[in-house]
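Coordinates as given in data_19.cif (mmCIF, C-alpha atoms and all ligand atoms):
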```
data_coords
loop_
_atom_site.label_atom_id
_atom_site.label_comp_id
_atom_site.auth_asym_id
_atom_site.auth_seq_id
_atom_site.Cartn_x
_atom_site.Cartn_y
_atom_site.Cartn_z
CA MET A 136 -23.48 12.68 14.16
CA ALA A 137 -21.81 16.00 13.23
CA ARG A 138 -23.83 18.06 10.77
CA THR A 139 -22.49 19.81 7.72
CA GLU A 140 -22.13 23.58 7.50
CA SER A 141 -24.51 23.62 4.62
CA ASP A 142 -28.16 22.74 4.05
CA GLY A 143 -29.12 19.91 1.75
CA SER A 144 -31.04 21.79 -0.91
CA GLY A 145 -30.17 20.56 -4.38
CA ILE A 146 -29.05 17.19 -2.95
CA LEU A 147 -30.88 13.93 -3.55
CA VAL A 148 -30.07 10.82 -1.52
CA VAL A 149 -31.21 7.46 -2.92
CA ASP A 150 -31.17 4.23 -0.94
CA GLU A 151 -33.54 1.47 0.09
CA ASP A 152 -32.25 1.55 3.65
CA GLU A 153 -34.28 3.95 5.80
CA GLU A 154 -31.52 4.24 8.36
CA PHE A 155 -29.06 5.45 5.69
CA LEU A 156 -31.61 8.05 4.53
CA ALA A 157 -32.30 9.18 8.10
CA ASP A 158 -28.53 9.56 8.75
CA ALA A 159 -28.19 11.64 5.59
CA GLU A 160 -31.10 13.85 6.67
CA ARG A 161 -29.50 14.39 10.09
CA LEU A 162 -26.21 15.27 8.46
CA PHE A 163 -27.67 18.30 6.72
CA GLU A 164 -29.42 21.21 8.32
CA GLY A 165 -32.46 20.39 6.22
CA GLY A 166 -33.75 20.43 2.70
CA VAL A 167 -32.10 17.23 1.49
CA THR A 168 -34.46 15.08 -0.61
CA THR A 169 -34.45 11.37 0.19
CA VAL A 170 -36.03 8.64 -1.93
CA LYS A 171 -35.98 4.85 -1.79
CA SER A 172 -35.98 3.91 -5.47
CA LEU A 173 -34.44 4.97 -8.77
CA ALA A 174 -37.95 5.60 -10.16
CA ASP A 175 -38.54 8.13 -7.37
CA ALA A 176 -35.09 9.56 -8.04
CA GLN A 177 -36.09 10.15 -11.65
CA ARG A 178 -39.23 11.97 -10.55
CA ALA A 179 -37.23 14.14 -8.14
CA GLN A 180 -34.68 14.89 -10.84
CA GLU A 181 -37.45 15.96 -13.22
CA SER A 182 -38.34 18.70 -10.75
CA GLY A 183 -35.15 20.38 -12.03
CA ASN A 184 -33.77 21.30 -8.59
CA ILE A 185 -31.27 18.49 -8.10
CA ASP A 186 -27.54 19.17 -8.51
CA LEU A 187 -25.97 16.29 -6.59
CA VAL A 188 -27.15 12.69 -6.15
CA LEU A 189 -25.74 10.44 -3.43
CA LEU A 190 -26.41 6.83 -4.39
CA GLY A 191 -26.42 4.77 -1.21
CA PRO A 192 -24.91 1.31 -0.53
CA THR A 193 -28.00 -0.47 -1.97
CA PHE A 194 -26.88 0.72 -5.42
CA ALA A 195 -23.15 0.45 -4.81
CA ASN A 196 -22.55 -2.42 -7.20
CA GLU A 197 -22.08 -2.73 -10.95
CA ASN A 198 -25.79 -3.44 -11.60
CA GLY A 199 -26.90 -0.55 -9.40
CA VAL A 200 -24.54 1.82 -11.17
CA ARG A 201 -25.75 0.61 -14.58
CA ASP A 202 -29.41 1.09 -13.56
CA ALA A 203 -28.68 4.60 -12.31
CA THR A 204 -26.74 5.74 -15.38
CA PHE A 205 -29.89 7.38 -16.81
CA LEU A 206 -29.44 10.10 -14.15
CA VAL A 207 -26.48 11.60 -16.00
CA GLU A 208 -27.56 10.65 -19.52
CA ASP A 209 -30.09 13.47 -19.71
CA ASP A 210 -28.21 15.86 -17.46
CA SER A 211 -24.44 15.69 -17.91
CA ASP A 212 -23.87 18.46 -15.32
CA LEU A 213 -25.48 16.42 -12.57
CA ALA A 214 -22.90 15.14 -10.06
CA VAL A 215 -23.51 11.56 -8.91
CA VAL A 216 -21.49 10.07 -6.05
CA VAL A 217 -21.74 6.43 -4.97
CA VAL A 218 -21.55 5.73 -1.24
CA ALA A 219 -20.29 2.15 -0.85
CA GLY A 220 -19.76 -0.20 2.06
CA ALA A 221 -16.40 -1.12 0.51
CA VAL A 222 -14.70 0.65 -2.38
CA GLY A 223 -13.41 -1.93 -4.89
CA SER A 224 -11.75 -1.33 -8.23
CA SER A 225 -14.60 -2.90 -10.29
CA LEU A 226 -17.14 -0.58 -8.65
CA LEU A 227 -14.83 2.40 -9.16
CA ARG A 228 -14.41 1.53 -12.80
CA ALA A 229 -18.15 1.09 -13.34
CA ALA A 230 -18.91 4.41 -11.62
CA LEU A 231 -16.29 6.37 -13.51
CA ARG A 232 -17.33 4.81 -16.82
CA ALA A 233 -20.93 5.78 -16.09
CA GLY A 234 -19.79 9.39 -15.71
CA PHE A 235 -20.28 9.56 -11.93
CA VAL A 236 -17.81 11.79 -10.12
CA ASP A 237 -16.67 9.70 -7.16
CA VAL A 238 -17.09 6.62 -5.00
CA ILE A 239 -16.71 7.16 -1.26
CA GLU A 240 -16.84 4.78 1.64
CA ALA A 241 -19.85 4.65 3.98
CA PRO A 242 -20.71 5.86 6.55
CA LEU A 243 -21.28 9.42 5.45
CA ASP A 244 -19.87 12.09 7.70
CA ALA A 245 -19.62 15.87 7.55
CA GLY A 246 -16.07 15.85 6.09
CA LYS A 247 -16.99 13.45 3.29
CA VAL A 248 -20.16 15.34 2.45
CA THR A 249 -18.27 18.65 2.23
CA GLU A 250 -15.71 17.01 -0.07
CA VAL A 251 -18.44 15.47 -2.19
CA MET A 252 -20.29 18.78 -2.46
CA GLY A 253 -17.13 20.29 -3.94
CA HIS A 254 -17.61 17.90 -6.89
CA ALA A 255 -20.99 19.37 -7.71
CA LYS A 256 -20.01 22.44 -9.70
CA ARG A 257 -23.62 23.38 -10.40
CA LEU A 258 -24.47 23.23 -6.70
CA THR A 259 -21.55 25.51 -5.81
CA LYS A 260 -22.44 27.90 -8.61
CA ARG A 261 -26.09 28.05 -7.65
CA ARG A 262 -25.18 28.77 -4.05
CA GLY A 263 -22.74 31.47 -5.11
CA ALA A 264 -20.04 29.82 -3.02
CA PRO A 265 -16.40 30.02 -4.05
CA THR A 266 -15.47 27.09 -6.24
CA GLY A 267 -12.86 25.91 -3.71
CA PRO A 268 -9.43 24.55 -4.43
CA ALA A 269 -8.53 23.81 -7.99
CA GLU A 270 -9.32 20.33 -9.23
CA PRO A 271 -6.32 18.04 -8.89
CA PHE A 272 -5.48 18.03 -12.56
CA ALA A 273 -6.79 21.46 -13.54
CA GLY A 274 -3.49 23.34 -13.23
CA PRO A 275 -1.25 24.28 -16.09
CA ARG A 276 -0.16 21.02 -17.64
CA ARG A 277 3.42 19.99 -17.98
CA GLU A 278 4.94 16.54 -17.81
CA ALA A 279 6.05 15.53 -14.35
CA ARG A 280 9.66 15.26 -13.37
CA VAL A 281 10.25 11.62 -12.42
CA ILE A 282 12.84 11.02 -9.70
CA THR A 283 13.83 7.47 -8.77
CA VAL A 284 15.54 6.81 -5.45
CA MET A 285 17.70 3.68 -5.69
CA SER A 286 20.44 1.93 -3.81
CA ALA A 287 22.35 -1.23 -4.46
CA LYS A 288 22.11 -2.41 -0.87
CA GLY A 289 19.01 -2.92 1.29
CA GLY A 290 18.48 -0.69 4.28
CA SER A 291 20.57 2.20 2.89
CA GLY A 292 17.82 4.76 3.45
CA LYS A 293 15.92 4.83 0.13
CA THR A 294 12.49 4.92 1.72
CA VAL A 295 13.27 7.62 4.27
CA THR A 296 14.93 9.68 1.53
CA ALA A 297 12.05 9.21 -0.93
CA THR A 298 9.32 9.94 1.63
CA ASN A 299 11.05 13.02 3.05
CA LEU A 300 11.75 14.28 -0.46
CA ALA A 301 8.09 13.82 -1.44
CA VAL A 302 6.85 15.60 1.68
CA LEU A 303 9.29 18.49 1.06
CA LEU A 304 8.29 18.74 -2.61
CA ALA A 305 4.65 18.86 -1.52
CA LYS A 306 5.50 21.71 0.86
CA ALA A 307 7.66 23.64 -1.60
CA HIS A 308 5.33 23.18 -4.55
CA ASP A 309 1.67 22.15 -4.62
CA PRO A 310 0.86 18.95 -2.71
CA SER A 311 -1.85 17.98 -5.18
CA ARG A 312 0.79 17.86 -7.92
CA VAL A 313 3.19 15.51 -6.13
CA CYS A 314 2.97 11.71 -6.09
CA ILE A 315 5.17 9.04 -4.53
CA VAL A 316 5.16 5.54 -6.02
CA ASP A 317 6.19 2.56 -3.93
CA ALA A 318 7.92 0.39 -6.53
CA ASP A 319 9.40 -1.94 -3.91
CA LEU A 320 6.80 -4.49 -4.95
CA GLN A 321 7.59 -7.15 -2.36
CA PHE A 322 8.44 -5.23 0.77
CA GLY A 323 7.38 -1.66 0.06
CA ASP A 324 6.84 0.33 3.23
CA VAL A 325 6.15 3.87 2.02
CA CYS A 326 2.62 3.69 3.46
CA LEU A 327 3.93 2.39 6.78
CA VAL A 328 6.45 5.24 7.00
CA LEU A 329 3.70 7.77 6.15
CA GLN A 330 1.18 6.07 8.46
CA LEU A 331 -1.32 5.38 5.70
CA GLU A 332 -3.64 2.44 5.25
CA PRO A 333 -4.21 2.11 1.51
CA LYS A 334 -7.49 0.62 0.33
CA LEU A 335 -6.23 0.16 -3.20
CA THR A 336 -2.70 -0.42 -4.42
CA ILE A 337 -0.60 -0.68 -7.55
CA VAL A 338 -1.98 -4.22 -7.94
CA ASN A 339 -5.45 -2.76 -8.63
CA ALA A 340 -3.93 -0.41 -11.20
CA ALA A 341 -2.13 -3.37 -12.85
CA HIS A 342 -5.34 -5.44 -12.91
CA GLU A 343 -7.15 -2.57 -14.62
CA ILE A 344 -4.32 -1.75 -17.00
CA ALA A 345 -6.47 -2.30 -20.12
CA ASN A 346 -9.10 0.15 -18.85
CA LEU A 347 -6.79 2.52 -17.01
CA ASP A 348 -7.18 6.23 -17.43
CA GLU A 349 -6.29 9.23 -15.29
CA SER A 350 -9.51 9.29 -13.27
CA LEU A 351 -9.39 5.57 -12.51
CA LEU A 352 -5.74 5.82 -11.48
CA GLU A 353 -6.49 8.85 -9.32
CA SER A 354 -9.12 6.86 -7.43
CA ILE A 355 -6.53 4.15 -6.71
CA LEU A 356 -4.10 6.62 -5.11
CA THR A 357 -4.02 7.13 -1.34
CA LYS A 358 -3.93 10.69 -0.01
CA HIS A 359 -1.44 11.68 2.69
CA PRO A 360 -2.73 14.38 5.10
CA SER A 361 -0.28 16.82 3.47
CA GLY A 362 -2.21 16.43 0.19
CA LEU A 363 0.54 14.33 -1.37
CA SER A 364 -0.67 11.29 -3.39
CA VAL A 365 0.72 7.82 -2.82
CA LEU A 366 0.59 4.82 -5.13
CA ALA A 367 0.90 2.03 -2.58
CA ALA A 368 2.92 -1.16 -2.98
CA PRO A 369 1.09 -4.52 -2.97
CA LEU A 370 -0.16 -5.42 0.50
CA GLU A 371 1.59 -8.82 0.38
CA PRO A 372 4.83 -9.93 -1.31
CA ALA A 373 2.90 -12.66 -3.18
CA PHE A 374 1.05 -9.99 -5.19
CA ALA A 375 4.29 -8.49 -6.57
CA ASP A 376 4.15 -10.83 -9.57
CA GLU A 377 0.83 -9.34 -10.59
CA VAL A 378 2.53 -6.05 -11.47
CA SER A 379 4.46 -6.56 -14.69
CA THR A 380 7.21 -4.22 -15.80
CA ALA A 381 5.03 -3.23 -18.77
CA ALA A 382 2.13 -2.33 -16.43
CA MET A 383 4.45 -0.33 -14.18
CA THR A 384 5.80 1.55 -17.20
CA GLU A 385 2.31 2.41 -18.35
CA ILE A 386 1.29 3.54 -14.85
CA ILE A 387 4.32 5.85 -14.63
CA GLY A 388 3.31 7.26 -18.03
CA TYR A 389 -0.12 8.19 -16.65
CA LEU A 390 1.33 9.66 -13.46
CA ARG A 391 3.72 11.75 -15.53
CA ARG A 392 0.71 13.43 -17.14
CA MET A 393 -1.21 13.79 -13.87
CA PHE A 394 1.46 15.36 -11.60
CA ASP A 395 4.40 17.76 -11.62
CA TYR A 396 6.67 15.50 -9.55
CA VAL A 397 6.67 11.73 -9.31
CA VAL A 398 9.06 10.29 -6.72
CA ILE A 399 9.71 6.54 -7.04
CA ASP A 400 10.97 4.47 -4.12
CA SER A 401 12.55 1.25 -5.33
CA ALA A 402 13.83 -2.12 -4.14
CA SER A 403 17.55 -2.86 -3.95
CA LEU A 404 17.48 -5.11 -7.01
CA LEU A 405 19.10 -4.12 -10.27
CA ASP A 406 16.47 -6.05 -12.22
CA GLU A 407 14.38 -5.44 -15.33
CA LEU A 408 11.83 -3.41 -13.35
CA LEU A 409 14.41 -1.03 -11.87
CA LEU A 410 16.19 -0.60 -15.21
CA SER A 411 12.94 0.26 -16.88
CA LEU A 412 12.10 2.77 -14.10
CA LEU A 413 15.55 4.32 -14.42
CA GLU A 414 15.09 4.63 -18.15
CA ARG A 415 11.91 6.59 -17.56
CA SER A 416 13.40 8.83 -14.87
CA ASP A 417 14.62 12.37 -15.32
CA GLN A 418 16.80 12.05 -12.25
CA VAL A 419 18.18 9.12 -10.27
CA LEU A 420 19.25 9.56 -6.67
CA CYS A 421 21.61 6.77 -5.68
CA VAL A 422 21.67 6.45 -1.90
CA VAL A 423 24.94 5.16 -0.47
CA ASP A 424 25.36 4.29 3.15
CA MET A 425 28.62 5.04 4.93
CA ASP A 426 29.83 1.43 4.99
CA LEU A 427 31.99 -0.76 2.83
CA PRO A 428 29.33 -3.22 1.51
CA SER A 429 27.13 -0.30 0.52
CA VAL A 430 29.97 1.44 -1.34
CA LYS A 431 31.02 -1.85 -2.97
CA ASN A 432 27.48 -2.54 -4.21
CA ALA A 433 27.04 1.06 -5.40
CA LYS A 434 30.27 0.72 -7.38
CA LEU A 435 29.03 -2.49 -9.04
CA ALA A 436 25.62 -0.98 -9.80
CA LEU A 437 27.07 2.23 -11.23
CA GLU A 438 29.50 0.24 -13.37
CA THR A 439 26.63 -1.86 -14.69
CA LEU A 440 24.70 1.31 -15.55
CA ARG A 441 27.76 2.71 -17.31
CA LEU A 442 28.07 -0.51 -19.34
CA LEU A 443 24.41 -0.17 -20.28
CA LYS A 444 25.20 3.37 -21.44
CA PHE A 445 22.80 4.88 -18.93
CA PRO A 446 23.32 8.67 -19.06
CA SER A 447 25.58 9.35 -16.07
CA GLY A 448 24.40 12.98 -15.93
CA LYS A 449 21.04 11.78 -14.60
CA ILE A 450 22.57 10.08 -11.55
CA GLN A 451 23.47 11.86 -8.32
CA LEU A 452 24.96 10.40 -5.18
CA VAL A 453 23.27 10.91 -1.83
CA LEU A 454 25.41 9.91 1.12
CA ASN A 455 23.33 8.65 4.04
CA ARG A 456 24.48 8.53 7.66
CA SER A 457 27.22 10.91 6.49
CA ASN A 458 28.49 11.49 10.03
CA ALA A 459 28.64 7.80 10.95
CA LYS A 460 31.84 6.75 12.64
CA ALA A 461 33.16 4.63 9.81
CA ARG A 462 36.66 4.05 8.56
CA LEU A 463 35.66 5.62 5.27
CA ASP A 464 35.71 9.26 4.39
CA GLU A 465 33.76 11.11 1.73
CA GLY A 466 36.83 11.58 -0.51
CA GLU A 467 37.46 7.82 -0.58
CA ILE A 468 33.84 7.12 -1.45
CA GLU A 469 33.87 9.68 -4.27
CA GLN A 470 37.14 8.26 -5.58
CA SER A 471 35.87 4.71 -5.48
CA LEU A 472 32.55 5.56 -7.16
CA LYS A 473 34.11 8.06 -9.59
CA MET A 474 31.35 10.48 -8.70
CA LYS A 475 30.92 13.51 -6.48
CA ILE A 476 28.61 13.29 -3.50
CA SER A 477 25.78 15.71 -4.26
CA ALA A 478 23.86 15.63 -0.97
CA ALA A 479 24.45 14.26 2.51
CA ILE A 480 22.09 13.14 5.26
CA PRO A 481 23.53 12.75 8.76
CA SER A 482 22.77 9.78 10.97
CA ASP A 483 20.22 10.65 13.63
CA GLY A 484 18.09 8.62 16.03
CA MET A 485 15.20 10.85 15.02
CA VAL A 486 15.00 8.95 11.71
CA PRO A 487 14.02 5.52 13.11
CA ALA A 488 11.80 7.29 15.65
CA SER A 489 10.04 9.13 12.81
CA VAL A 490 9.61 5.85 10.92
CA ASN A 491 7.98 4.27 13.97
CA GLU A 492 5.80 7.33 14.47
CA GLY A 493 4.77 7.44 10.81
CA ARG A 494 5.78 11.10 10.37
CA PRO A 495 8.80 12.03 8.25
CA VAL A 496 11.34 14.19 10.12
CA SER A 497 10.92 16.91 7.50
CA GLU A 498 7.41 17.32 8.92
CA SER A 499 7.94 16.60 12.60
CA ALA A 500 11.34 18.29 13.10
CA PRO A 501 11.93 20.56 10.10
CA ARG A 502 14.75 22.46 11.84
CA SER A 503 16.77 19.38 12.76
CA LYS A 504 20.12 18.68 11.11
CA VAL A 505 18.77 15.54 9.52
CA ALA A 506 15.80 17.44 8.03
CA LYS A 507 18.34 19.91 6.58
CA GLY A 508 20.02 16.88 5.00
CA PHE A 509 16.75 15.96 3.28
CA GLU A 510 16.41 19.61 2.21
CA SER A 511 19.76 19.26 0.45
CA VAL A 512 18.16 16.39 -1.51
CA LEU A 513 15.18 18.62 -2.34
CA LYS A 514 17.54 21.33 -3.59
CA LEU A 515 19.18 18.73 -5.77
CA VAL A 516 15.85 18.02 -7.43
CA LEU A 517 14.74 21.62 -7.79
CA GLY A 518 18.22 22.79 -8.74
CA ASP A 519 18.64 20.06 -11.32
CA GLU A 520 15.28 20.91 -12.81
CA MET A 521 16.16 24.60 -13.01
CA SER A 522 19.41 23.85 -14.78
CA HIS A 523 17.78 21.50 -17.27
CA SER A 524 14.37 22.91 -18.03
CA ASP A 525 14.16 26.45 -16.78
CA ARG A 526 17.46 28.14 -17.33
CA ALA A 527 15.77 31.53 -17.43
CA GLY A 528 14.88 30.96 -13.77
CA LYS A 529 11.19 31.71 -14.16
CA ARG A 530 10.16 29.08 -11.64
CA ARG A 531 11.80 29.38 -8.27
CA TRP A 532 10.22 27.44 -5.49
CA LEU A 533 12.96 27.80 -2.96
N1 LIG B 601 20.14 9.04 8.37
C1 LIG B 601 19.68 8.06 9.15
N2 LIG B 601 19.88 8.08 10.49
C2 LIG B 601 19.42 7.10 11.27
N3 LIG B 601 18.74 6.04 10.84
C3 LIG B 601 18.50 5.96 9.52
C4 LIG B 601 18.95 6.96 8.61
N4 LIG B 601 18.55 6.60 7.36
C5 LIG B 601 17.88 5.45 7.49
N5 LIG B 601 17.84 5.06 8.78
C6 LIG B 601 17.19 3.86 9.32
O1 LIG B 601 17.61 2.76 8.57
C7 LIG B 601 16.54 1.88 8.31
C8 LIG B 601 16.46 1.61 6.83
O2 LIG B 601 16.03 2.79 6.17
P1 LIG B 601 15.10 2.70 4.89
O3 LIG B 601 13.93 1.84 5.17
O4 LIG B 601 14.85 4.06 4.41
O5 LIG B 601 16.08 1.96 3.91
P2 LIG B 601 15.75 1.29 2.51
O6 LIG B 601 16.94 1.50 1.66
O7 LIG B 601 14.47 1.80 2.01
O8 LIG B 601 15.61 -0.23 2.93
P3 LIG B 601 14.99 -1.43 2.05
O9 LIG B 601 16.07 -1.83 1.10
O10 LIG B 601 14.69 -2.48 3.07
O11 LIG B 601 13.79 -0.91 1.36
C9 LIG B 601 15.30 2.50 8.89
O12 LIG B 601 14.97 1.90 10.10
C10 LIG B 601 15.67 3.94 9.10
O13 LIG B 601 15.04 4.46 10.23
MG MG B 602 12.71 0.77 1.41
#
```
For the file at hand, write its structure as structure tokens.
Ligand SMILES: Nc1ncnc2c1ncn2[C@@H]1O[C@H](COP(=O)(O)OP(=O)(O)OP(=O)(O)O)[C@@H](O)[C@H]1O
Ligand SMILES: [Mg+2]
Amino acid sequence: MARTESDGSGILVVDEDEEFLADAERLFEGGVTTVKSLADAQRAQESGNIDLVLLGPTFANENGVRDATFLVEDDSDLAVVVVAGAVGSSLLRAALRAGFVDVIEAPLDAGKVTEVMGHAKRLTKRRGAPTGPAEPFAGPRREARVITVMSAKGGSGKTVTATNLAVLLAKAHDPSRVCIVDADLQFGDVCLVLQLEPKLTIVNAAHEIANLDESLLESILTKHPSGLSVLAAPLEPAFADEVSTAAMTEIIGYLRRMFDYVVIDSASLLDELLLSLLERSDQVLCVVDMDLPSVKNAKLALETLRLLKFPSGKIQLVLNRSNAKARLDEGEIEQSLKMKISAAIPSDGMVPASVNEGRPVSESAPRSKVAKGFESVLKLVLGDEMSHSDRAGKRRWL
């Protein structure tokens, strides 16, 4: 087992399982205190030298968390992290309500321990180490810009556009301030395209809607290696019904306060859910494929939005597979849709290859023509934001 860079002084590990304690001891260069009961943990804490407590799998349940709450009652600066065999939403909720800082999945390894040690501010302070990257939500607060990617026809390229846009926003801005939401509740594949295996999804957030707060929602998000956060779609189509439009609306409200950019990938259904997402969006990117059915459906969808008095200034057209050999040209599409095309993405075999590989082209081939197409979508978002909210041009990320 790889050891951590740091010794274990100031760290207390509590579990009934000797093997878990022995693994924890091996993980540190020495100095970690291990005890088998909460009574012994209390005695160790009274010594005054404990800054971080790792509660092992024996206590990783609601009763265990409740019994261990006394640890933080007398010492609110103490960081307590639960190490669980499986991280479920009820355990997460119990731990966060108790005032613990995190729940991580066993087994412990060097990477997880380093991450966990970052939570223990007192430990970092005592060791004189730099405090590390800013906490996810510690930056200057402003409401996120919400961008919904929609299309009126399936397979038009919403998911590749939304995922590439999110990855580019993460690169251009601060990845910890960017979130992508998979609102295609039946067949969402954002996680597939980003090669992520979510443990928790939007269904968990919907189940917890009455108790939801920013820290609980944060623990439900899945992190992409770039640092971008992902709110995953339900794992099975049957669970889609468990996410009501009201729950989705509330979740977007939380994300708006937690991030600077929230990109929403949607399903090709002009239903109550999509309308409510559009209503809450600052910008709507309507992806149109270079074929007749796609243009016809876009026309119908845009007309419906006009009838509903949806502000047309929020909508921009993104032409996908712009170089496809079709009998349509861009002028005809613009004329038919009564809108200008604002960004164009060429057709490229690299796109399906990137989907299969689980790495957006903007990451794997940033210089390719198709990646430049996605950059034109990014510029649309940053440019639109500049023109609406920052006319003085104070914030320039590109
Ligand atoms: N510019 C492009 N060049 C080549 N292939 C593309 C391009 N855009 C999308 N594709 C391919 O088309 C398929 C559909 O794309 P995507 O999944 O993004 O569409 P979607 O609108 O999200 O579909 P759905 O309605 O099923 O959610 C994918 O296999 C993708 O690789
Ligand atoms: Mg899709």
Taking only C-alpha atoms into account, produce a table as JSON lines in which each residue of stretch 404-507 of chain A with an atom at most 9 Å from an atom of stretch 314-335 of chain A appears once, together with its shortest atom pair and the distance in Å to one decimal, ordered by chain and rising number.
```
{"residue": "A:Leu408", "atom": "CA", "partner": "A:Ala318", "partner_atom": "CA", "distance": 8.7}
{"residue": "A:Leu409", "atom": "CA", "partner": "A:Ala318", "partner_atom": "CA", "distance": 8.5}
{"residue": "A:Leu412", "atom": "CA", "partner": "A:Ala318", "partner_atom": "CA", "distance": 9.0}
{"residue": "A:Ser489", "atom": "CA", "partner": "A:Val328", "partner_atom": "CA", "distance": 7.9}
{"residue": "A:Val490", "atom": "CA", "partner": "A:Val328", "partner_atom": "CA", "distance": 5.1}
{"residue": "A:Asn491", "atom": "CA", "partner": "A:Val328", "partner_atom": "CA", "distance": 7.2}
{"residue": "A:Glu492", "atom": "CA", "partner": "A:Gln330", "partner_atom": "CA", "distance": 7.7}
{"residue": "A:Gly493", "atom": "CA", "partner": "A:Gln330", "partner_atom": "CA", "distance": 4.5}
{"residue": "A:Arg494", "atom": "CA", "partner": "A:Leu329", "partner_atom": "CA", "distance": 5.8}
{"residue": "A:Pro495", "atom": "CA", "partner": "A:Leu329", "partner_atom": "CA", "distance": 7.0}
```
So the first atom is atom CA of A:Gly246 and the second is atom CA of A:Leu303; what is the distance between them in Å, to one decimal place?
26.0 Å
Do you know which residues are at most 9 Å from A:Lys449 counting all atoms listed in the file, after dropping those on the same chain fewer than 4 positions away, and could you put them as a list in words?
Ser416, Asp417, Gln418, Val419, Leu420 and Phe445 of chain A
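Taking all atoms listed in the file into account, ligand MG 602 (chain B) has within 7 Å the residues Gly290, Gly292, Lys293, Thr294, Asp319, Gly323, Asp324, Asp400, Ser401 and Ala402 of chain A.
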A:Ser457, A:Gln470, A:Ser499, A:Ser411: which is nearest A:Val423, counting all atoms listed in the file?
A:Ser457
List as a PyMOL selection string the protein and nucleic acid residues near A:Ala219, meaning an atom at most 12 Å away when all atoms listed in the file are counted, but skip any in the same chain fewer than 5 places from it.
chain A and resi 150+155+189-197+199-200+224+226-227+230+237-243
Within 7 Å of A:Met393, counting all atoms listed in the file, which residues qualify if same-chain residues fewer than 2 places away don't, as a PyMOL selection string?
chain A and resi 272+349+389-391
A:Lys504 surroundings by all atoms listed in the file, 9 Å radius, close-in-sequence under 5 positions cut, as a ChimeraX atom specification:
/A:480-481,483,509
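The space between atom O6 of ligand LIG 601 (chain B) and atom CA of A:Glu498 spans 19.8 Å.
Between atom CA of A:Ala203 and atom CA of A:Ser225 the separation is 16.1 Å.
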